[in-house]
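Q: Quick one: the structure is below, and I'll ask about it shortly.
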Amino acid sequence: MALTRRAFVQLSAGAAALSAAGLISGAGAREPAKDAPKEAPKGEGAAKAGKPLSILILGGTGFLGPNVTAAAKARGHSVTLFNRGRTQKRKGTRFDQEDKLVGNRDPNLYSETKWVGEGATAKQVEDESSPKGLSQIAAAIKDGRTWDAVVDTSGMFPRIVRASAELLAPATGQYVFISTISVLASHEPENADENSPVGKIEDEAAETMGPGMSYYGPLKALCEQAAEKAMPGRVTNIRPGFIVGPDDNTDRFTYWCWRGAQGGKMLVPGTPEDPVQFIDARDLGRFIIECIERKHVGVYHATGGVTPHRWGDVVRTFASVGYKSSGKTVEPVWVSEAEMEKLGGLPFPIWVPPSGGSKGFHRVNCAKAIAAGLRFTPVETTVRDTLAWLPTELERRARATIDIKKEAKDAGRSEPQMADPKVLRAGLTLDAEAEVLEKLKGK
């Protein structure tokens, strides 16, 4: 394949920061195991907490942040969002009315940029009139502001996480850092738990994801350590794998929801028996709030259910929900790892090759989180809700693309090169899929 298997796993798990052949009409996923934990509560209508808390979210307007905010609000807590304010301007959020502090996670940078110069020679530079770094948080603390807990959804580099945690240490009781399962030193062992060794990096001051996202996991591990050093005994490090559901702008899981509604022959990687783990962002948001309310500290893996899903069952769910949405029937065409290698590698999201050092990637032990209160939305519900959300999201992307290009034109700048907003950001287009299917004929 074009990428090493380790690089494939890292790219699959961390992109952005940087799941049997035959006609399928209505078959759904198999029943959950008898030892499965209770199903996650429907919607955001959780019972109110006994004691309202004050929670600061570093980030809060992208994918996971709004779901943490929703879970907090459903329980009666108050929320403060800290971010650069750019997502709201381009996208808007479900929580525009929330208390906000503006700044940059990097204490050395300003929250806004501006264009200097004219036409094609114009350059974007920092706007020194905008709030710098963590200054608004520092000012709030100086005025006596405190929070019961901080949720860090956006930390990528240890220097920046250290700055936030050290500043907030005297003003908060708990620091919840959203890490990743990619911190694990190896994805070969099955059933890896929170005591498994984490990856290391030679240059611990690096602030780049490195070739093939190879620095992503080790840097996240260093972020965990930086937070713990700043607030010993008061840090909760939560390690999800693939986070999925409505609001996910990576399109990794969304691709399969969409593809299941298109009908026809659908390329699917691997085998129906392959394991796959993922977590609905709404479930992760609720678990984060649960950890705050119960003051759970330490490390928690939050990758999926009691046992991994069977990939074939998940594929059937994509097909069955898609059929209910469009009336079109899907015929999965399974493509083996060997066939994919001959084709030079195919951009299939979510699924990770179980061989070549990745056997345990989708077999991670999250029993500790389940015992601490992690609950799961049925896969069918996540697929249905994601598919229902997608049309509105594609419309938003189209509007944003028009706005950005118009903004550049009005300022006399060159039109920026942007991806087609109608094309998903992961997976194959139908035309590309048809070309691969043609190549596979007769093999």
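Every chain in the structure tokens has a letter given in the order shown (A, B, ...), and although residue numbers restart at 1 in each chain, ligands are simply numbered from 1 in the order shown.
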To test your reading of the structure, identify every residue in segment 319-365 of chain A that backbone DSSP assigns to strand (DSSP E), and report it as an NGL selection string.
A: :A and (330-335)
Q: Would you mind exporting N, CA and C atoms of the selected residues as a compact mmCIF listing (two decimals), in the first residue's frame?
A:
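The resulting file, out_3.txt, is reproduced below:
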# COMPACT_ATOMS: atom_id res chain seq x y z
N VAL A 330 -28.53 -2.02 -1.36
CA VAL A 330 -27.08 -2.07 -1.49
C VAL A 330 -26.60 -3.51 -1.58
N GLU A 331 -25.63 -3.74 -2.43
CA GLU A 331 -24.97 -5.04 -2.53
C GLU A 331 -23.50 -4.88 -2.17
N PRO A 332 -23.08 -5.27 -0.97
CA PRO A 332 -21.68 -5.12 -0.60
C PRO A 332 -20.76 -5.98 -1.46
N VAL A 333 -19.66 -5.42 -1.87
CA VAL A 333 -18.61 -6.15 -2.57
C VAL A 333 -17.37 -6.07 -1.69
N TRP A 334 -17.04 -7.18 -1.05
CA TRP A 334 -15.94 -7.18 -0.09
C TRP A 334 -14.60 -7.22 -0.80
N VAL A 335 -13.68 -6.35 -0.37
CA VAL A 335 -12.36 -6.25 -0.97
C VAL A 335 -11.32 -6.61 0.08
Q: Select from segment 81-220 of chain A everything DSSP, run on the backbone, classes as alpha helix (DSSP H), then give the selection as a PyMOL selection string.
A: chain A and resi 86-90+135-142+158-168+216-220
Q: For the selection you just gave me, I'd like the residues written to a file as a compact mmCIF listing (two decimals), in the first residue's frame, keeping C-alpha atoms.
A:
# COMPACT_ATOMS: atom_id res chain seq x y z
CA ARG A 86 -13.68 31.88 14.20
CA THR A 87 -15.96 28.88 13.99
CA GLN A 88 -18.95 30.91 15.12
CA LYS A 89 -18.30 33.50 12.41
CA ARG A 90 -18.03 30.90 9.67
CA SER A 135 -5.25 36.72 28.41
CA GLN A 136 -9.04 36.74 28.83
CA ILE A 137 -8.91 33.60 30.99
CA ALA A 138 -6.10 35.14 33.05
CA ALA A 139 -8.12 38.33 33.51
CA ALA A 140 -11.20 36.36 34.57
CA ILE A 141 -9.15 34.44 37.15
CA LYS A 142 -7.66 37.68 38.44
CA PRO A 158 2.29 19.61 25.34
CA ARG A 159 3.58 23.19 25.58
CA ILE A 160 0.11 24.55 24.91
CA VAL A 161 -1.69 22.10 27.21
CA ARG A 162 0.85 22.87 29.94
CA ALA A 163 0.17 26.61 29.61
CA SER A 164 -3.58 26.10 29.98
CA ALA A 165 -3.37 23.64 32.86
CA GLU A 166 -0.84 25.70 34.83
CA LEU A 167 -2.89 28.87 34.43
CA LEU A 168 -6.12 27.15 35.45
CA TYR A 216 0.19 12.51 16.74
CA GLY A 217 -0.08 9.74 19.36
CA PRO A 218 3.19 10.44 21.22
CA LEU A 219 2.41 14.17 21.38
CA LYS A 220 -1.03 13.46 22.81
Q: Which segment 310-361 of chain A residues have any atom within 10 Å of an atom of segment 251-255 of chain A, and for each, what is the nearest pair of atoms with distance in Å to one decimal, counting only C-alpha atoms, rows sorted by chain and number, as JSON lines?
A:
{"residue": "A:Phe318", "atom": "CA", "partner": "A:Tyr255", "partner_atom": "CA", "distance": 9.9}
{"residue": "A:Pro347", "atom": "CA", "partner": "A:Arg252", "partner_atom": "CA", "distance": 9.9}
{"residue": "A:Phe348", "atom": "CA", "partner": "A:Arg252", "partner_atom": "CA", "distance": 8.3}
{"residue": "A:Pro349", "atom": "CA", "partner": "A:Arg252", "partner_atom": "CA", "distance": 5.1}
{"residue": "A:Ile350", "atom": "CA", "partner": "A:Arg252", "partner_atom": "CA", "distance": 6.2}
{"residue": "A:Trp351", "atom": "CA", "partner": "A:Arg252", "partner_atom": "CA", "distance": 9.6}
Q: Could you give me, as a PyMOL selection string, the residues within 9 Å of Lys368 of chain A, counting only C-alpha atoms and dropping anything in the same chain fewer than 6 positions from it?
A: chain A and resi 193-194+299-302+374
Q: For the selection just defined, write its residues with N, CA and C atoms to a file, as a PDB file, in the first residue's frame.
A:
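To be explicit, this is the file written out as result18.pdb:
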ATOM      1  N   ASP A 193      -5.341  -2.014  27.807  1.00  0.00           N
ATOM      2  CA  ASP A 193      -6.060  -1.220  28.788  1.00  0.00           C
ATOM      3  C   ASP A 193      -5.274   0.038  29.129  1.00  0.00           C
ATOM      4  N   GLU A 194      -5.739   0.749  30.154  1.00  0.00           N
ATOM      5  CA  GLU A 194      -5.163   2.042  30.498  1.00  0.00           C
ATOM      6  C   GLU A 194      -3.733   1.949  31.025  1.00  0.00           C
ATOM      7  N   VAL A 299      -7.042   7.731  33.833  1.00  0.00           N
ATOM      8  CA  VAL A 299      -7.138   7.474  32.398  1.00  0.00           C
ATOM      9  C   VAL A 299      -8.313   6.550  32.102  1.00  0.00           C
ATOM     10  N   TYR A 300      -9.053   6.876  31.040  1.00  0.00           N
ATOM     11  CA  TYR A 300     -10.195   6.058  30.626  1.00  0.00           C
ATOM     12  C   TYR A 300     -10.177   5.874  29.113  1.00  0.00           C
ATOM     13  N   HIS A 301     -10.219   4.624  28.677  1.00  0.00           N
ATOM     14  CA  HIS A 301     -10.395   4.333  27.261  1.00  0.00           C
ATOM     15  C   HIS A 301     -11.886   4.406  26.937  1.00  0.00           C
ATOM     16  N   ALA A 302     -12.217   5.127  25.875  1.00  0.00           N
ATOM     17  CA  ALA A 302     -13.631   5.291  25.499  1.00  0.00           C
ATOM     18  C   ALA A 302     -13.769   5.055  23.999  1.00  0.00           C
ATOM     19  N   LEU A 374     -19.968   4.984  31.288  1.00  0.00           N
ATOM     20  CA  LEU A 374     -20.081   5.158  29.840  1.00  0.00           C
ATOM     21  C   LEU A 374     -21.204   4.286  29.295  1.00  0.00           C
TER      22      LEU A 374
END
Q: Check which residues of segment 216-287 of chain A sit at most 10 Å from segment 44-63 of chain A using only C-alpha atoms, and return one row each with the closest pair of atoms and their distance in Å to one decimal, ordered by chain and rising number, as a Markdown table.
A:
| residue | atom | partner | partner_atom | distance |
| --- | --- | --- | --- | --- |
| A:Ile243 | CA | A:Phe63 | CA | 9.0 |
| A:Val244 | CA | A:Phe63 | CA | 9.2 |
| A:Gly245 | CA | A:Phe63 | CA | 9.1 |
| A:Pro246 | CA | A:Phe63 | CA | 8.3 |
| A:Asp247 | CA | A:Phe63 | CA | 5.3 |
| A:Asp248 | CA | A:Phe63 | CA | 5.6 |
| A:Asn249 | CA | A:Phe63 | CA | 7.3 |
| A:Thr250 | CA | A:Phe63 | CA | 9.5 |
| A:Ala281 | CA | A:Phe63 | CA | 7.7 |
| A:Arg282 | CA | A:Glu44 | CA | 8.5 |
| A:Arg286 | CA | A:Glu44 | CA | 8.9 |
Q: Got time to write the residues from that selection, C-alpha atoms, as a PDB file, in the first residue's frame?
A:
ATOM      1  CA  ILE A 243     -15.719   9.738  17.329  1.00  0.00           C
ATOM      2  CA  VAL A 244     -18.782   9.632  15.072  1.00  0.00           C
ATOM      3  CA  GLY A 245     -22.277  11.021  14.596  1.00  0.00           C
ATOM      4  CA  PRO A 246     -23.928  14.309  13.605  1.00  0.00           C
ATOM      5  CA  ASP A 247     -21.606  17.360  13.498  1.00  0.00           C
ATOM      6  CA  ASP A 248     -18.584  15.277  12.408  1.00  0.00           C
ATOM      7  CA  ASN A 249     -16.907  17.278   9.651  1.00  0.00           C
ATOM      8  CA  THR A 250     -14.305  14.591   8.852  1.00  0.00           C
ATOM      9  CA  ALA A 281     -20.014  12.030  20.148  1.00  0.00           C
ATOM     10  CA  ARG A 282     -23.180  12.441  22.201  1.00  0.00           C
ATOM     11  CA  ARG A 286     -22.360  12.606  28.406  1.00  0.00           C
TER      12      ARG A 286
END
Q: Please report the interatomic distance between atom CA of Trp147 of chain A and atom CA of Gln225 of chain A in Å with one decimal.
A: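 For atom CA of Trp147 of chain A relative to atom CA of Gln225 of chain A, the distance reads 21.6 Å.
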Q: Between A:Asp280, A:Asp274, A:Glu290, A:Asp106, which one has atoms that come closest to Glu207 of chain A, using only C-alpha atoms?
A: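 Counting only C-alpha atoms, the residue closest to Glu207 of chain A is A:Asp106.
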Q: What is the atom CA of Val423 of chain A to atom CA of Phe242 of chain A distance in Å?
A: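 Going from atom CA of Val423 of chain A over to atom CA of Phe242 of chain A, I get 21.0 Å.
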Q: If we count only C-alpha atoms and set the cut-off at 8 Å, which residues sit around segment 307-309 of chain A, ignoring sequence neighbours fewer than 4 positions away in its own chain? Please answer as a ChimeraX atom specification.
A: /A:275-277,313-314,362-363
Q: Suppose we keep N, CA and C atoms; can you now write the selection as a tab-separated table (two decimals), in the first residue's frame?
A:
chain	number	residue	atom	x	y	z
A	275	PRO	N	-13.22	-6.70	13.50
A	275	PRO	CA	-13.79	-5.87	14.58
A	275	PRO	C	-13.74	-4.39	14.22
A	276	VAL	N	-14.61	-3.62	14.82
A	276	VAL	CA	-14.57	-2.16	14.64
A	276	VAL	C	-15.14	-1.51	15.90
A	277	GLN	N	-14.48	-0.45	16.35
A	277	GLN	CA	-14.94	0.30	17.51
A	277	GLN	C	-15.07	1.78	17.15
A	313	ASP	N	-21.89	-6.64	10.63
A	313	ASP	CA	-23.14	-6.16	11.21
A	313	ASP	C	-23.29	-4.65	11.02
A	314	VAL	N	-22.19	-3.92	11.18
A	314	VAL	CA	-22.25	-2.47	11.00
A	314	VAL	C	-22.56	-2.12	9.55
A	362	HIS	N	-8.88	-2.02	16.91
A	362	HIS	CA	-10.33	-2.05	17.14
A	362	HIS	C	-10.71	-3.08	18.21
A	363	ARG	N	-9.75	-3.44	19.05
A	363	ARG	CA	-10.03	-4.39	20.14
A	363	ARG	C	-9.52	-3.83	21.47
Q: Compile the contact shell of Ala71 of chain A as JSON, numbers by chain: residues with an atom at most 9 Å away, counting only C-alpha atoms, same-chain residues fewer than 2 positions apart removed.
A: {"A": [44, 45, 46, 66, 67, 68, 69, 73, 74, 75, 76, 77, 282, 283, 285, 286, 287, 288, 289]}
Q: How far is it from atom CA of Gly304 of chain A to atom CA of Thr386 of chain A, in Å with one decimal?
A: 17.4 Å
Q: Select from segment 301-342 of chain A every residue with an atom at most 7 Å from any atom of segment 376-382 of chain A, then for each give the shortest pair of atoms and their distance in Å to one decimal, using only C-alpha atoms, rows by chain and rising number, as JSON lines.
A:
{"residue": "A:Gly305", "atom": "CA", "partner": "A:Phe376", "partner_atom": "CA", "distance": 6.9}
{"residue": "A:Thr317", "atom": "CA", "partner": "A:Glu380", "partner_atom": "CA", "distance": 6.1}
{"residue": "A:Val321", "atom": "CA", "partner": "A:Glu380", "partner_atom": "CA", "distance": 7.0}
Q: Keeping only N, CA and C atoms, write the selected residues as a short mmCIF file (atom, residue, chain, number, x, y, z; two decimals), in the first residue's frame.
A:
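After the write, out-v2.cif holds the following:
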data_model
loop_
_atom_site.label_atom_id
_atom_site.label_comp_id
_atom_site.auth_asym_id
_atom_site.auth_seq_id
_atom_site.Cartn_x
_atom_site.Cartn_y
_atom_site.Cartn_z
N GLY A 305 -18.13 -0.37 22.62
CA GLY A 305 -18.93 -1.16 23.54
C GLY A 305 -18.14 -2.17 24.35
N THR A 317 -26.09 -2.44 8.93
CA THR A 317 -26.84 -1.31 9.48
C THR A 317 -26.78 -0.11 8.54
N VAL A 321 -30.42 1.18 7.17
CA VAL A 321 -30.85 2.56 7.41
C VAL A 321 -30.90 3.33 6.09
#
Q: Identify which of the residues A:Ala72, A:Val306, A:Ala411, A:Val297 lies closest to Ile370 of chain A, counting only C-alpha atoms when measuring atom-to-atom distances.
A: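 For Ile370 of chain A, the nearest of the candidates is A:Val306.
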Q: Find the residue from A:Gly212, A:Pro421, A:Pro416, A:Gly298 that sits nearest to Asn237 of chain A; use only C-alpha atoms when measuring.
A: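 That would be A:Gly298, the residue with the smallest distance to Asn237 of chain A.
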Q: Nearest to Pro189 of chain A: which of A:Gly173, A:Ala434, A:Arg234, A:Pro354 is it, counting only C-alpha atoms?
A: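 Of the candidates, the smallest distance to Pro189 of chain A is held by A:Pro354.
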